[in-house]
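Everything below belongs to work-v4.txt, which stores compact mmCIF, C-alpha atoms.
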# COMPACT_ATOMS: atom_id res chain seq x y z
CA MET A 1 47.41 -127.97 -178.59
CA ALA A 2 44.58 -127.14 -180.95
CA VAL A 3 41.50 -125.33 -179.71
CA LYS A 4 38.51 -127.47 -180.61
CA GLY A 5 35.29 -125.63 -181.29
CA PHE A 6 34.90 -122.04 -180.25
CA LEU A 7 35.77 -119.96 -177.22
CA GLU A 8 33.82 -116.93 -176.00
CA ASP A 9 34.81 -114.20 -173.59
CA TYR A 10 33.03 -113.96 -170.23
CA ASP A 11 30.31 -111.61 -171.45
CA GLY A 12 29.70 -113.30 -174.80
CA GLN A 13 30.79 -110.36 -176.94
CA ILE A 14 33.88 -111.96 -178.53
CA ILE A 15 34.25 -115.33 -180.21
CA LEU A 16 37.52 -117.10 -180.94
CA GLY A 17 38.49 -120.13 -183.02
CA ASP A 18 41.82 -121.80 -183.80
CA VAL A 19 42.94 -120.71 -187.30
CA ARG A 20 43.96 -124.33 -188.05
CA ASN A 21 40.29 -125.35 -187.96
CA PHE A 22 39.20 -123.07 -190.82
CA LYS A 23 40.15 -122.62 -194.47
CA ASN A 24 39.83 -118.84 -194.23
CA LYS A 25 38.14 -115.98 -192.37
CA LYS A 26 34.91 -116.42 -194.33
CA GLU A 27 34.56 -120.02 -193.18
CA PHE A 28 35.28 -118.94 -189.59
CA VAL A 29 32.44 -116.39 -189.73
CA GLU A 30 30.00 -118.91 -191.25
CA GLN A 31 30.81 -121.59 -188.68
CA ALA A 32 30.80 -119.12 -185.77
CA GLU A 33 27.36 -117.78 -186.72
CA LYS A 34 26.05 -121.35 -187.04
CA TYR A 35 27.55 -122.28 -183.65
CA LEU A 36 26.06 -119.21 -181.97
CA LEU A 37 22.61 -119.80 -183.51
CA GLU A 38 22.62 -123.39 -182.25
CA ASN A 39 23.78 -122.41 -178.76
CA ARG A 40 21.83 -119.20 -178.23
CA GLY A 41 18.72 -119.96 -180.27
CA TYR A 42 18.72 -116.69 -182.21
CA PRO A 43 20.80 -115.22 -185.06
CA VAL A 44 23.98 -113.38 -184.17
CA THR A 45 26.22 -111.27 -186.41
CA VAL A 46 29.95 -111.98 -186.29
CA PHE A 47 32.01 -108.98 -187.34
CA GLN A 48 35.20 -109.06 -189.42
CA PRO A 49 37.64 -111.46 -187.75
CA TYR A 50 41.34 -110.91 -187.34
CA ALA A 51 44.16 -113.25 -186.32
CA THR A 52 45.70 -112.87 -182.88
CA ASN A 53 47.54 -114.99 -180.34
CA ILE A 54 46.21 -116.22 -177.01
CA PHE A 55 47.45 -118.57 -174.31
CA VAL A 56 45.26 -121.61 -173.68
CA GLY A 57 45.53 -123.31 -170.30
CA GLU A 58 43.70 -126.23 -168.72
CA ASP A 59 40.37 -124.49 -168.13
CA GLU A 60 40.75 -120.97 -169.47
CA TRP A 61 42.42 -118.71 -172.01
CA LYS A 62 44.12 -115.35 -171.75
CA ILE A 63 45.44 -112.75 -174.14
CA THR A 64 49.17 -112.99 -174.75
CA ASP A 65 50.11 -109.99 -172.64
CA GLU A 66 48.75 -111.50 -169.40
CA PRO A 67 51.65 -112.06 -166.98
CA ASP A 68 51.94 -115.20 -164.86
CA PHE A 69 49.59 -117.35 -166.95
CA GLU A 70 50.89 -120.70 -168.11
CA GLY A 71 49.53 -122.16 -171.29
CA GLU A 72 50.25 -122.89 -174.90
CA GLU A 73 50.29 -120.01 -177.36
CA VAL A 74 47.70 -120.52 -180.10
CA THR A 75 46.86 -118.33 -183.11
CA VAL A 76 43.12 -117.78 -183.34
CA TYR A 77 40.60 -115.82 -185.32
CA CYS A 78 38.96 -113.28 -183.04
CA ALA A 79 35.74 -111.41 -183.83
CA GLU A 80 33.21 -109.26 -182.04
CA ILE A 81 29.64 -110.46 -181.83
CA TYR A 82 26.52 -108.35 -182.28
CA SER A 83 23.07 -109.42 -181.22
CA GLU A 84 19.85 -107.49 -180.82
CA ASN A 85 18.73 -109.90 -178.07
What would you get if you wrote out this structure as structure tokens?
Amino acid sequence: MAVKGFLEDYDGQIILGDVRNFKNKKEFVEQAEKYLLENRGYPVTVFQPYATNIFVGEDEWKITDEPDFEGEEVTVYCAEIYSEN
């Protein structure tokens, strides 16, 4: 299962994207900042991403060390978001 688009944590401070959707980390940052600008209406800085694994279920995602969560393991880029707004 590929993650289409981006995922954000509940408080909007972390953004995730399936590594298979991007050529490299630089492209992830560019696309994430564009996505956030379009969805929030103001510029947002995406900090240095890193690759990590998450589990993606029907309607939600969890970090890989969450017990009792069924889903497919997916490698994603993960980055913190900074906004002055």
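You will find CA of Val46 in chain A at 8.2 Å from CA of Ile15 in chain A.
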Hey, what's within 7 Å of Thr64 in chain A if we count all atoms listed in the file and toss same-chain stuff fewer than 6 positions away? As a ChimeraX atom specification, please?
/A:53-55
Identify the residues around (32.2, -125.6, -182.6) within a radius of 9 Å, measuring from all atoms listed in the file in the coordinates stated by the file, and give them as number ranges by chain.
A: 4-7, 17, 31-32, 34-36
Could you tell me which of A:Thr75, A:Asp68, A:Ile63, A:Gly12 comes closest to Arg40 in chain A if we count only C-alpha atoms?
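Of A:Thr75, A:Asp68, A:Ile63, A:Gly12, the one nearest Arg40 in chain A is A:Gly12, counting only C-alpha atoms.
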If I take CA of Glu33 in chain A and CA of Glu84 in chain A, how far is one from the other in Å, to one decimal?
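Result for CA of Glu33 in chain A versus CA of Glu84 in chain A: 14.0 Å, one decimal.
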Return the single residue from A:Glu30, A:Lys62, A:Lys23, A:Phe47 that is closest to Tyr10 in chain A, with distances computed using all atoms listed in the file.
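Residue with the minimum atom-to-atom distance to Tyr10 in chain A: A:Lys62.
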To one decimal place in Å, what is the distance between CA of Glu72 in chain A and CA of Glu38 in chain A?
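CA of Glu72 in chain A sits 28.6 Å away from CA of Glu38 in chain A.
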With distances taken over only C-alpha atoms, which residue among A:Trp61, A:Pro67, A:Lys26, A:Glu73 lies nearest Glu8 in chain A?
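Result for the nearest residue to Glu8 in chain A: A:Trp61.
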Nearest to Asn21 in chain A: which of A:Val76, A:Ala51, A:Val56, A:Leu37 is it, counting all atoms listed in the file?
A:Val76
Would you list the residues near (45.0, -113.8, -186.8) (no more than 12 Å away, in the coordinates of the file, using only C-alpha atoms) as a PDB file with C-alpha atoms, keeping the file's coordinate frame?
ATOM      1  CA  LEU A  16      37.520-117.100-180.940  1.00  0.00           C
ATOM      2  CA  GLY A  17      38.490-120.130-183.020  1.00  0.00           C
ATOM      3  CA  ASP A  18      41.820-121.800-183.800  1.00  0.00           C
ATOM      4  CA  VAL A  19      42.940-120.710-187.300  1.00  0.00           C
ATOM      5  CA  ARG A  20      43.960-124.330-188.050  1.00  0.00           C
ATOM      6  CA  PHE A  22      39.200-123.070-190.820  1.00  0.00           C
ATOM      7  CA  ASN A  24      39.830-118.840-194.230  1.00  0.00           C
ATOM      8  CA  LYS A  25      38.140-115.980-192.370  1.00  0.00           C
ATOM      9  CA  PHE A  28      35.280-118.940-189.590  1.00  0.00           C
ATOM     10  CA  GLN A  48      35.200-109.060-189.420  1.00  0.00           C
ATOM     11  CA  PRO A  49      37.640-111.460-187.750  1.00  0.00           C
ATOM     12  CA  TYR A  50      41.340-110.910-187.340  1.00  0.00           C
ATOM     13  CA  ALA A  51      44.160-113.250-186.320  1.00  0.00           C
ATOM     14  CA  THR A  52      45.700-112.870-182.880  1.00  0.00           C
ATOM     15  CA  ASN A  53      47.540-114.990-180.340  1.00  0.00           C
ATOM     16  CA  ILE A  54      46.210-116.220-177.010  1.00  0.00           C
ATOM     17  CA  VAL A  74      47.700-120.520-180.100  1.00  0.00           C
ATOM     18  CA  THR A  75      46.860-118.330-183.110  1.00  0.00           C
ATOM     19  CA  VAL A  76      43.120-117.780-183.340  1.00  0.00           C
ATOM     20  CA  TYR A  77      40.600-115.820-185.320  1.00  0.00           C
ATOM     21  CA  CYS A  78      38.960-113.280-183.040  1.00  0.00           C
ATOM     22  CA  ALA A  79      35.740-111.410-183.830  1.00  0.00           C
TER      23      ALA A  79
END
